[in-house]
Amino acid sequence: MKAGQGDRVVVIGGGVIGTMCAWNLIKAGCQVTIVDRDKFGAACSHGNCGYISPSHVFPLCQPGAILKTLKAMLKSNSPFAVKPRFEMNFVKWFWNFSLRCNHRDMMAAGIGRHELLQSSKHLYQQLIADENIDCEWQEKGLLFVFDDEESFRHFGEMDGLIRQNFGVAATPYDGQQLTTLEPAIKSGFGGGWHYEGDCHLRPDKLLTQMREKMLDLGVSILEDFPVQQFEREQNAAKAVLSNGRELEAEHFVVATGAMTPFLNHHLGMSIPIEPGKGYSLTMPKPKLMPKIPIIFEDSHVAITPMQSKYRIGSTMEFTGYDTSIPPRRMELLKSAAAKYLHEPFCDPIEEEWFGWRPMTWDGKPIIDRSPAMNNVWIAAGHNMLGLSMATGTGQLLKELMLGETPHISPVHFAATRFK
């Protein structure tokens with residue numbers, strides 16, 4: 001069932017993926033309502049590190065990833081944490097993830113990820129220029145920093161794969177060159193790789209600006225509207241239901257991130273998403289602030305120098321839908337920053353935050369029609385790259401819904417790969 005001009009569309013999920021889907025649909029002439037279980041833009045799209053990262057071609061499932069993670073978990077201050085759960089979905093997810101930690105599957109995932117990342121970067125540049133969006137957009141690249149020369153040189157093999165197969169390349173800087181490039185970093189580290197094509201922005205400002213522009217175009221936004229089920233009519237959805245409330249439409253988009261598995265029964269498939277919990281600290285800018293966003297690869301901690309704020313983030317926890325913010329995880333972020341930076345953080349800490357990344361076992365999102373209902377579409381499972389892939393996802397979903405020629409191949413993101 002194709003969408004058309006004037007059709008009513010309900011977008012379930014008010015994060016950056018739902019926002020960009022809604023934006024493309026309203027521009028195509030649809031009547032759009034966004035519903036969210038909490039507040040618009042308040043979940044994983046709010047406090048992330050703000051990277052637009054064409055450099056992140058390869059997924060988390062890479063050769064050696066399981067052994068590397070197990071070794072990291074033995075450290076008391078490890079950025080990785082896994083809480084073993086004897087639940088079938090959890091066990092199945094990790095089993096399938098481990099099966100994909102090989103070169104062949106990594107390269108296959110990279111093809112789809114690269115297309116979507118490149119598309120999204122160009123669409124962001126176009127959107128921000130055309131709509132005059134003030135989201136602190138900066139094109140300063142992303143710097144990957146390594147503790148020692150061995151790990152610095154080893155990453156060169158990965159850069160070579162990305163460069164050769166996808167045309168995305170970084171400039172290497174040895175330890176001495178690194179501090180010249182970025183004086184905020186202490187001396188004595190192995191080196192860094194600078195992906196000049198990456199960008200960054202302030203995600204909460206992006207969502208605030210997009211909300212205002214969508215409201216001006218007639219989009220309705222309903223908050224505190226947790227979708228519990230679909231009202232169906234044969235093989236199509238007629239409405240969504242939430243605590244006795246009903247919202248009818250001709251088409252529906254499920255952009256619910258890490259919460260998507262709670263709708264699996266209605267969607268007609270088991271979407272394998274596990275919440276990968278990450279944290280961040282937001283504060284005023286230190287005097288000696290990095291000029292370039294940085295990922296300290298051996299500590300898995302990221303630094304985002306924004307125009308108005310300063311953010312330390314990352315870590316990865318597979319602990320289910322845990323809503324706590326343990327002080328020790330906040331201290332881990334601060335201590336890792338202190339290891340590398342002359343001025344790692346400053347007071348006051350304005351926000352301590354966590355978000356659940358929607359992690360699929362193959363590292364690719366689902367952008368496809370629901371197998372159970374021909375007017376329900378899924379845009380979820382973007383792993384750690386929801387912000388980076390949002391604009392491309394929104395355009396691709398609109399093209400599929402309206403029966404237009406897709407601007408990138410949708411085959412990589414088919415829901416049928418999980419049947």
# chains A, B, ... in the order shown; residues from 1 in each chain; ligands from 1

$ residues_around --residues "segment 392-397 of chain A" --least-positions-apart "5" --cutoff "9 Å" --atoms "only C-alpha atoms" --output "number ranges by chain"
A: 17-25, 115-124, 253, 367-368, 377-379, 402, 406-410

$ residues_around --residues "segment 335-337 of chain A" --least-positions-apart "3" --cutoff "10 Å" --atoms "only C-alpha atoms" --output "list in words"
Asn77, Pro79, Ile185, Phe296, Asp298, Ser299, His300, Val301, Ala302, Ile303, Ile312, Gly313, Arg329, Met330, Glu331, Leu332, Tyr340, Leu341, His342, Glu343, Pro344 and Phe345 of chain A

$ write_last_selection --atoms "N, CA and C atoms" --output "mmCIF file, in the first residue's frame"
data_model
loop_
_atom_site.group_PDB
_atom_site.id
_atom_site.type_symbol
_atom_site.label_atom_id
_atom_site.label_comp_id
_atom_site.auth_asym_id
_atom_site.auth_seq_id
_atom_site.Cartn_x
_atom_site.Cartn_y
_atom_site.Cartn_z
ATOM 1 N N ASN A 77 37.695 -0.982 35.520
ATOM 2 C CA ASN A 77 37.179 0.265 34.963
ATOM 3 C C ASN A 77 36.841 0.132 33.482
ATOM 4 N N PRO A 79 35.071 0.058 29.959
ATOM 5 C CA PRO A 79 33.930 0.765 29.379
ATOM 6 C C PRO A 79 32.829 -0.182 28.925
ATOM 7 N N ILE A 185 45.553 17.670 23.986
ATOM 8 C CA ILE A 185 45.917 16.296 24.356
ATOM 9 C C ILE A 185 47.309 16.288 24.996
ATOM 10 N N PHE A 296 38.857 8.366 22.201
ATOM 11 C CA PHE A 296 40.016 7.678 22.748
ATOM 12 C C PHE A 296 39.723 6.188 22.660
ATOM 13 N N ASP A 298 41.218 3.282 22.983
ATOM 14 C CA ASP A 298 41.560 2.252 23.963
ATOM 15 C C ASP A 298 40.754 2.386 25.254
ATOM 16 N N SER A 299 40.150 3.530 25.471
ATOM 17 C CA SER A 299 39.283 3.721 26.636
ATOM 18 C C SER A 299 37.813 3.801 26.245
ATOM 19 N N HIS A 300 37.548 3.900 24.927
ATOM 20 C CA HIS A 300 36.176 3.986 24.403
ATOM 21 C C HIS A 300 35.404 5.137 25.042
ATOM 22 N N VAL A 301 36.066 6.267 25.148
ATOM 23 C CA VAL A 301 35.438 7.479 25.657
ATOM 24 C C VAL A 301 35.580 8.560 24.601
ATOM 25 N N ALA A 302 34.527 9.343 24.420
ATOM 26 C CA ALA A 302 34.479 10.338 23.360
ATOM 27 C C ALA A 302 34.340 11.748 23.934
ATOM 28 N N ILE A 303 34.918 12.699 23.231
ATOM 29 C CA ILE A 303 34.880 14.101 23.622
ATOM 30 C C ILE A 303 34.236 14.904 22.491
ATOM 31 N N ILE A 312 31.407 14.797 27.461
ATOM 32 C CA ILE A 312 32.178 13.559 27.544
ATOM 33 C C ILE A 312 31.177 12.412 27.507
ATOM 34 N N GLY A 313 31.403 11.431 26.650
ATOM 35 C CA GLY A 313 30.401 10.376 26.544
ATOM 36 C C GLY A 313 30.981 9.047 26.126
ATOM 37 N N ARG A 329 30.081 5.016 36.834
ATOM 38 C CA ARG A 329 30.178 5.159 35.382
ATOM 39 C C ARG A 329 30.462 6.620 35.014
ATOM 40 N N MET A 330 29.915 7.542 35.772
ATOM 41 C CA MET A 330 30.215 8.949 35.544
ATOM 42 C C MET A 330 31.692 9.238 35.845
ATOM 43 N N GLU A 331 32.192 8.618 36.897
ATOM 44 C CA GLU A 331 33.598 8.800 37.251
ATOM 45 C C GLU A 331 34.510 8.172 36.209
ATOM 46 N N LEU A 332 34.057 7.072 35.597
ATOM 47 C CA LEU A 332 34.851 6.442 34.540
ATOM 48 C C LEU A 332 35.044 7.408 33.379
ATOM 49 N N TYR A 340 43.906 11.674 29.227
ATOM 50 C CA TYR A 340 44.367 12.140 27.927
ATOM 51 C C TYR A 340 44.471 13.661 27.784
ATOM 52 N N LEU A 341 43.677 14.409 28.529
ATOM 53 C CA LEU A 341 43.546 15.841 28.269
ATOM 54 C C LEU A 341 44.147 16.688 29.383
ATOM 55 N N HIS A 342 44.753 17.805 29.006
ATOM 56 C CA HIS A 342 45.308 18.738 30.000
ATOM 57 C C HIS A 342 44.199 19.304 30.881
ATOM 58 N N GLU A 343 43.080 19.629 30.274
ATOM 59 C CA GLU A 343 41.943 20.172 31.027
ATOM 60 C C GLU A 343 40.715 19.338 30.672
ATOM 61 N N PRO A 344 40.525 18.215 31.354
ATOM 62 C CA PRO A 344 39.545 17.213 30.901
ATOM 63 C C PRO A 344 38.087 17.587 31.121
ATOM 64 N N PHE A 345 37.785 18.345 32.165
ATOM 65 C CA PHE A 345 36.396 18.705 32.448
ATOM 66 C C PHE A 345 36.408 19.904 33.378
#

$ closest_residue --among "A:His114, A:Arg357, A:Asn374, A:Glu351" --to "Glu250 of chain A" --atoms "only C-alpha atoms"
A:Asn374

$ select_by_dssp --residues "segment 96-279 of chain A" --states "strand (DSSP E or B)" --output "short mmCIF file (atom, residue, chain, number, x, y, z; two decimals) with C-alpha atoms, in the first residue's frame"
data_model
loop_
_atom_site.label_atom_id
_atom_site.label_comp_id
_atom_site.auth_asym_id
_atom_site.auth_seq_id
_atom_site.Cartn_x
_atom_site.Cartn_y
_atom_site.Cartn_z
CA GLN A 138 30.80 21.96 12.52
CA LEU A 142 36.84 13.14 14.09
CA LEU A 143 40.14 12.18 15.70
CA PHE A 144 40.78 8.57 16.79
CA VAL A 145 43.53 8.54 19.46
CA PHE A 146 45.51 5.46 20.55
CA THR A 171 45.32 11.31 7.97
CA PRO A 172 47.71 9.65 10.45
CA TYR A 173 49.58 11.64 13.11
CA ASP A 174 52.28 10.06 15.24
CA ILE A 185 45.92 16.30 24.36
CA GLY A 191 49.20 8.63 17.72
CA GLY A 192 45.91 9.38 16.06
CA TRP A 193 43.96 9.09 12.82
CA HIS A 194 41.98 12.14 11.72
CA TYR A 195 38.91 11.50 9.57
CA CYS A 199 31.11 16.39 11.32
CA HIS A 200 29.35 17.11 14.59
CA SER A 220 1.00 17.36 15.34
CA ILE A 221 3.13 16.09 18.24
CA LEU A 222 1.51 14.00 20.98
CA GLN A 229 -1.05 -2.06 20.15
CA PHE A 230 -2.40 -1.62 16.65
CA GLU A 231 -6.05 -1.89 15.77
CA ARG A 232 -6.07 -4.03 12.64
CA GLU A 233 -8.39 -4.55 9.74
CA ALA A 236 -3.49 -3.47 7.56
CA ALA A 237 -3.43 -1.23 10.61
CA LYS A 238 -6.32 1.11 11.19
CA ALA A 239 -5.22 2.89 14.37
CA VAL A 240 -2.80 2.83 17.28
CA LEU A 241 -4.04 2.49 20.84
CA SER A 242 -2.58 4.06 23.98
CA ARG A 245 -6.87 6.59 23.38
CA GLU A 246 -7.12 5.81 19.69
CA LEU A 247 -5.37 7.51 16.77
CA GLU A 248 -6.39 6.58 13.22
CA HIS A 251 -0.06 4.71 7.31
CA PHE A 252 2.22 4.18 10.31
CA VAL A 253 5.98 4.42 10.88
CA VAL A 254 7.62 2.64 13.82
CA ILE A 273 17.44 -5.24 19.15
CA GLU A 274 19.30 -5.14 22.45
CA PRO A 275 19.66 -1.85 24.35
CA GLY A 276 23.32 -0.81 24.44
CA LYS A 277 23.44 1.71 27.25
CA GLY A 278 25.68 4.75 26.95
CA TYR A 279 26.28 7.75 29.17
#

$ atom_distance --atom1 "atom CA of Lys83 of chain A" --atom2 "atom CA of Gly257 of chain A"
20.6 Å

$ select_by_dssp --residues "segment 161-350 of chain A" --states "helix (DSSP H, G or I)" --output "PyMOL selection string"
chain A and resi 161-166+175-181+203-216+257-267+327-340

$ residues_around --residues "Gly355 of chain A" --least-positions-apart "5" --cutoff "12 Å" --atoms "only C-alpha atoms" --output "ChimeraX atom specification"
/A:15,41-49,257-259,275-281,313-318,320-325,383-384,386

$ residues_around --residues "Met401 of chain A" --least-positions-apart "3" --cutoff "6 Å" --atoms "only C-alpha atoms" --output "mmCIF file with N, CA and C atoms, in the first residue's frame"
data_model
loop_
_atom_site.group_PDB
_atom_site.id
_atom_site.type_symbol
_atom_site.label_atom_id
_atom_site.label_comp_id
_atom_site.auth_asym_id
_atom_site.auth_seq_id
_atom_site.Cartn_x
_atom_site.Cartn_y
_atom_site.Cartn_z
ATOM 1 N N LYS A 2 0.768 2.055 -1.041
ATOM 2 C CA LYS A 2 1.582 3.250 -1.156
ATOM 3 C C LYS A 2 0.931 4.426 -0.427
ATOM 4 N N ALA A 3 1.782 5.281 0.111
ATOM 5 C CA ALA A 3 1.294 6.533 0.687
ATOM 6 C C ALA A 3 1.160 7.560 -0.426
ATOM 7 N N LYS A 398 10.665 7.527 3.108
ATOM 8 C CA LYS A 398 9.663 8.251 2.311
ATOM 9 C C LYS A 398 9.583 7.700 0.900
#

$ atom_distance --atom1 "atom CA of Asp216 of chain A" --atom2 "atom CA of Thr260 of chain A"
28.8 Å

$ decode --residues "segment 66-201 of chain A" --atoms "C-alpha atoms" --output "PDB file, in the first residue's frame"
ATOM      1  CA  ILE A  66      34.317 -11.113  21.300  1.00  0.00           C
ATOM      2  CA  LEU A  67      37.796 -11.774  22.722  1.00  0.00           C
ATOM      3  CA  LYS A  68      38.545  -8.055  22.946  1.00  0.00           C
ATOM      4  CA  THR A  69      35.301  -7.442  24.823  1.00  0.00           C
ATOM      5  CA  LEU A  70      35.898 -10.328  27.235  1.00  0.00           C
ATOM      6  CA  LYS A  71      39.375  -9.014  28.026  1.00  0.00           C
ATOM      7  CA  ALA A  72      38.060  -5.509  28.561  1.00  0.00           C
ATOM      8  CA  MET A  73      35.356  -6.761  30.919  1.00  0.00           C
ATOM      9  CA  LEU A  74      37.988  -8.235  33.238  1.00  0.00           C
ATOM     10  CA  LYS A  75      39.222  -4.727  33.999  1.00  0.00           C
ATOM     11  CA  SER A  76      37.588  -2.963  36.931  1.00  0.00           C
ATOM     12  CA  ASN A  77      37.179   0.265  34.963  1.00  0.00           C
ATOM     13  CA  SER A  78      36.139  -1.311  31.681  1.00  0.00           C
ATOM     14  CA  PRO A  79      33.930   0.765  29.379  1.00  0.00           C
ATOM     15  CA  PHE A  80      32.135  -2.494  28.495  1.00  0.00           C
ATOM     16  CA  ALA A  81      29.657  -4.208  30.770  1.00  0.00           C
ATOM     17  CA  VAL A  82      27.420  -7.200  30.138  1.00  0.00           C
ATOM     18  CA  LYS A  83      24.865  -8.411  32.657  1.00  0.00           C
ATOM     19  CA  PRO A  84      24.267 -12.094  31.817  1.00  0.00           C
ATOM     20  CA  ARG A  85      20.583 -12.888  31.469  1.00  0.00           C
ATOM     21  CA  PHE A  86      19.223 -16.338  30.760  1.00  0.00           C
ATOM     22  CA  GLU A  87      16.540 -15.012  28.464  1.00  0.00           C
ATOM     23  CA  MET A  88      16.173 -16.613  25.055  1.00  0.00           C
ATOM     24  CA  ASN A  89      16.201 -13.327  23.112  1.00  0.00           C
ATOM     25  CA  PHE A  90      19.350 -12.159  24.928  1.00  0.00           C
ATOM     26  CA  VAL A  91      21.188 -15.446  24.371  1.00  0.00           C
ATOM     27  CA  LYS A  92      20.088 -15.574  20.729  1.00  0.00           C
ATOM     28  CA  TRP A  93      21.258 -11.994  20.143  1.00  0.00           C
ATOM     29  CA  PHE A  94      24.776 -12.625  21.435  1.00  0.00           C
ATOM     30  CA  TRP A  95      25.033 -15.946  19.619  1.00  0.00           C
ATOM     31  CA  ASN A  96      24.113 -14.346  16.295  1.00  0.00           C
ATOM     32  CA  PHE A  97      26.382 -11.374  17.010  1.00  0.00           C
ATOM     33  CA  SER A  98      29.328 -13.725  17.619  1.00  0.00           C
ATOM     34  CA  LEU A  99      28.642 -15.573  14.356  1.00  0.00           C
ATOM     35  CA  ARG A 100      29.031 -12.280  12.478  1.00  0.00           C
ATOM     36  CA  CYS A 101      32.390 -11.346  13.986  1.00  0.00           C
ATOM     37  CA  ASN A 102      34.240 -12.248  10.794  1.00  0.00           C
ATOM     38  CA  HIS A 103      35.719 -10.407   7.852  1.00  0.00           C
ATOM     39  CA  ARG A 104      33.064 -11.413   5.309  1.00  0.00           C
ATOM     40  CA  ASP A 105      30.075 -10.249   7.360  1.00  0.00           C
ATOM     41  CA  MET A 106      31.890  -7.095   8.468  1.00  0.00           C
ATOM     42  CA  MET A 107      32.531  -6.103   4.862  1.00  0.00           C
ATOM     43  CA  ALA A 108      28.959  -6.925   3.826  1.00  0.00           C
ATOM     44  CA  ALA A 109      27.550  -4.749   6.608  1.00  0.00           C
ATOM     45  CA  GLY A 110      29.950  -1.989   5.635  1.00  0.00           C
ATOM     46  CA  ILE A 111      28.422  -1.660   2.163  1.00  0.00           C
ATOM     47  CA  GLY A 112      24.962  -0.712   3.435  1.00  0.00           C
ATOM     48  CA  ARG A 113      26.280   1.383   6.312  1.00  0.00           C
ATOM     49  CA  HIS A 114      28.578   3.355   4.003  1.00  0.00           C
ATOM     50  CA  GLU A 115      25.783   4.198   1.557  1.00  0.00           C
ATOM     51  CA  LEU A 116      23.470   5.349   4.329  1.00  0.00           C
ATOM     52  CA  LEU A 117      26.175   7.348   6.139  1.00  0.00           C
ATOM     53  CA  GLN A 118      27.300   9.162   3.005  1.00  0.00           C
ATOM     54  CA  SER A 119      23.739   9.948   2.017  1.00  0.00           C
ATOM     55  CA  SER A 120      22.937  11.259   5.488  1.00  0.00           C
ATOM     56  CA  LYS A 121      25.940  13.566   5.655  1.00  0.00           C
ATOM     57  CA  HIS A 122      25.060  15.228   2.339  1.00  0.00           C
ATOM     58  CA  LEU A 123      21.400  15.499   3.314  1.00  0.00           C
ATOM     59  CA  TYR A 124      22.336  17.107   6.628  1.00  0.00           C
ATOM     60  CA  GLN A 125      24.435  19.703   4.814  1.00  0.00           C
ATOM     61  CA  GLN A 126      21.527  20.420   2.466  1.00  0.00           C
ATOM     62  CA  LEU A 127      18.917  20.528   5.250  1.00  0.00           C
ATOM     63  CA  ILE A 128      20.936  22.840   7.494  1.00  0.00           C
ATOM     64  CA  ALA A 129      21.720  25.212   4.618  1.00  0.00           C
ATOM     65  CA  ASP A 130      18.221  25.249   3.112  1.00  0.00           C
ATOM     66  CA  GLU A 131      16.327  25.566   6.415  1.00  0.00           C
ATOM     67  CA  ASN A 132      18.897  27.739   8.236  1.00  0.00           C
ATOM     68  CA  ILE A 133      18.988  25.346  11.199  1.00  0.00           C
ATOM     69  CA  ASP A 134      21.029  26.504  14.185  1.00  0.00           C
ATOM     70  CA  CYS A 135      22.352  23.249  15.656  1.00  0.00           C
ATOM     71  CA  GLU A 136      26.041  24.175  16.062  1.00  0.00           C
ATOM     72  CA  TRP A 137      27.027  22.236  12.939  1.00  0.00           C
ATOM     73  CA  GLN A 138      30.798  21.961  12.524  1.00  0.00           C
ATOM     74  CA  GLU A 139      32.918  20.186   9.911  1.00  0.00           C
ATOM     75  CA  LYS A 140      36.140  19.534  11.818  1.00  0.00           C
ATOM     76  CA  GLY A 141      36.405  15.791  11.399  1.00  0.00           C
ATOM     77  CA  LEU A 142      36.840  13.144  14.091  1.00  0.00           C
ATOM     78  CA  LEU A 143      40.144  12.180  15.699  1.00  0.00           C
ATOM     79  CA  PHE A 144      40.777   8.574  16.789  1.00  0.00           C
ATOM     80  CA  VAL A 145      43.527   8.544  19.457  1.00  0.00           C
ATOM     81  CA  PHE A 146      45.513   5.456  20.547  1.00  0.00           C
ATOM     82  CA  ASP A 147      47.485   4.807  23.716  1.00  0.00           C
ATOM     83  CA  ASP A 148      50.593   3.309  22.140  1.00  0.00           C
ATOM     84  CA  GLU A 149      52.349   2.966  18.797  1.00  0.00           C
ATOM     85  CA  GLU A 150      51.303  -0.659  18.367  1.00  0.00           C
ATOM     86  CA  SER A 151      47.575   0.057  18.537  1.00  0.00           C
ATOM     87  CA  PHE A 152      48.095   3.193  16.422  1.00  0.00           C
ATOM     88  CA  ARG A 153      49.801   1.171  13.665  1.00  0.00           C
ATOM     89  CA  HIS A 154      47.297  -1.681  13.966  1.00  0.00           C
ATOM     90  CA  PHE A 155      44.430   0.701  13.234  1.00  0.00           C
ATOM     91  CA  GLY A 156      46.197   1.517   9.986  1.00  0.00           C
ATOM     92  CA  GLU A 157      45.061  -1.894   8.698  1.00  0.00           C
ATOM     93  CA  MET A 158      41.432  -0.967   9.381  1.00  0.00           C
ATOM     94  CA  ASP A 159      41.895   2.439   7.789  1.00  0.00           C
ATOM     95  CA  GLY A 160      43.387   0.720   4.762  1.00  0.00           C
ATOM     96  CA  LEU A 161      40.303  -1.484   4.397  1.00  0.00           C
ATOM     97  CA  ILE A 162      37.980   1.495   4.645  1.00  0.00           C
ATOM     98  CA  ARG A 163      40.103   3.557   2.263  1.00  0.00           C
ATOM     99  CA  GLN A 164      40.446   0.816  -0.344  1.00  0.00           C
ATOM    100  CA  ASN A 165      36.844  -0.401  -0.334  1.00  0.00           C
ATOM    101  CA  PHE A 166      34.860   2.736   0.453  1.00  0.00           C
ATOM    102  CA  GLY A 167      37.075   5.699  -0.361  1.00  0.00           C
ATOM    103  CA  VAL A 168      36.941   7.083   3.181  1.00  0.00           C
ATOM    104  CA  ALA A 169      40.426   7.942   4.408  1.00  0.00           C
ATOM    105  CA  ALA A 170      42.086   9.391   7.490  1.00  0.00           C
ATOM    106  CA  THR A 171      45.321  11.314   7.967  1.00  0.00           C
ATOM    107  CA  PRO A 172      47.712   9.646  10.450  1.00  0.00           C
ATOM    108  CA  TYR A 173      49.584  11.635  13.114  1.00  0.00           C
ATOM    109  CA  ASP A 174      52.284  10.059  15.242  1.00  0.00           C
ATOM    110  CA  GLY A 175      52.574  10.871  18.935  1.00  0.00           C
ATOM    111  CA  GLN A 176      54.539  14.070  18.443  1.00  0.00           C
ATOM    112  CA  GLN A 177      52.430  15.271  15.519  1.00  0.00           C
ATOM    113  CA  LEU A 178      49.268  14.527  17.486  1.00  0.00           C
ATOM    114  CA  THR A 179      49.896  17.182  20.139  1.00  0.00           C
ATOM    115  CA  THR A 180      50.699  19.702  17.428  1.00  0.00           C
ATOM    116  CA  LEU A 181      47.389  18.965  15.721  1.00  0.00           C
ATOM    117  CA  GLU A 182      45.465  19.013  19.007  1.00  0.00           C
ATOM    118  CA  PRO A 183      47.314  20.832  21.840  1.00  0.00           C
ATOM    119  CA  ALA A 184      44.591  19.893  24.353  1.00  0.00           C
ATOM    120  CA  ILE A 185      45.917  16.296  24.356  1.00  0.00           C
ATOM    121  CA  LYS A 186      48.747  15.354  26.694  1.00  0.00           C
ATOM    122  CA  SER A 187      51.992  14.063  25.216  1.00  0.00           C
ATOM    123  CA  GLY A 188      53.136  10.457  25.347  1.00  0.00           C
ATOM    124  CA  PHE A 189      50.421   8.666  23.364  1.00  0.00           C
ATOM    125  CA  GLY A 190      50.889   6.466  20.326  1.00  0.00           C
ATOM    126  CA  GLY A 191      49.197   8.632  17.722  1.00  0.00           C
ATOM    127  CA  GLY A 192      45.908   9.380  16.065  1.00  0.00           C
ATOM    128  CA  TRP A 193      43.963   9.090  12.818  1.00  0.00           C
ATOM    129  CA  HIS A 194      41.981  12.140  11.718  1.00  0.00           C
ATOM    130  CA  TYR A 195      38.911  11.500   9.572  1.00  0.00           C
ATOM    131  CA  GLU A 196      38.460  14.987   8.143  1.00  0.00           C
ATOM    132  CA  GLY A 197      35.130  14.145   6.504  1.00  0.00           C
ATOM    133  CA  ASP A 198      33.234  13.637   9.782  1.00  0.00           C
ATOM    134  CA  CYS A 199      31.115  16.393  11.315  1.00  0.00           C
ATOM    135  CA  HIS A 200      29.354  17.113  14.594  1.00  0.00           C
ATOM    136  CA  LEU A 201      26.439  19.085  15.979  1.00  0.00           C
TER     137      LEU A 201
END
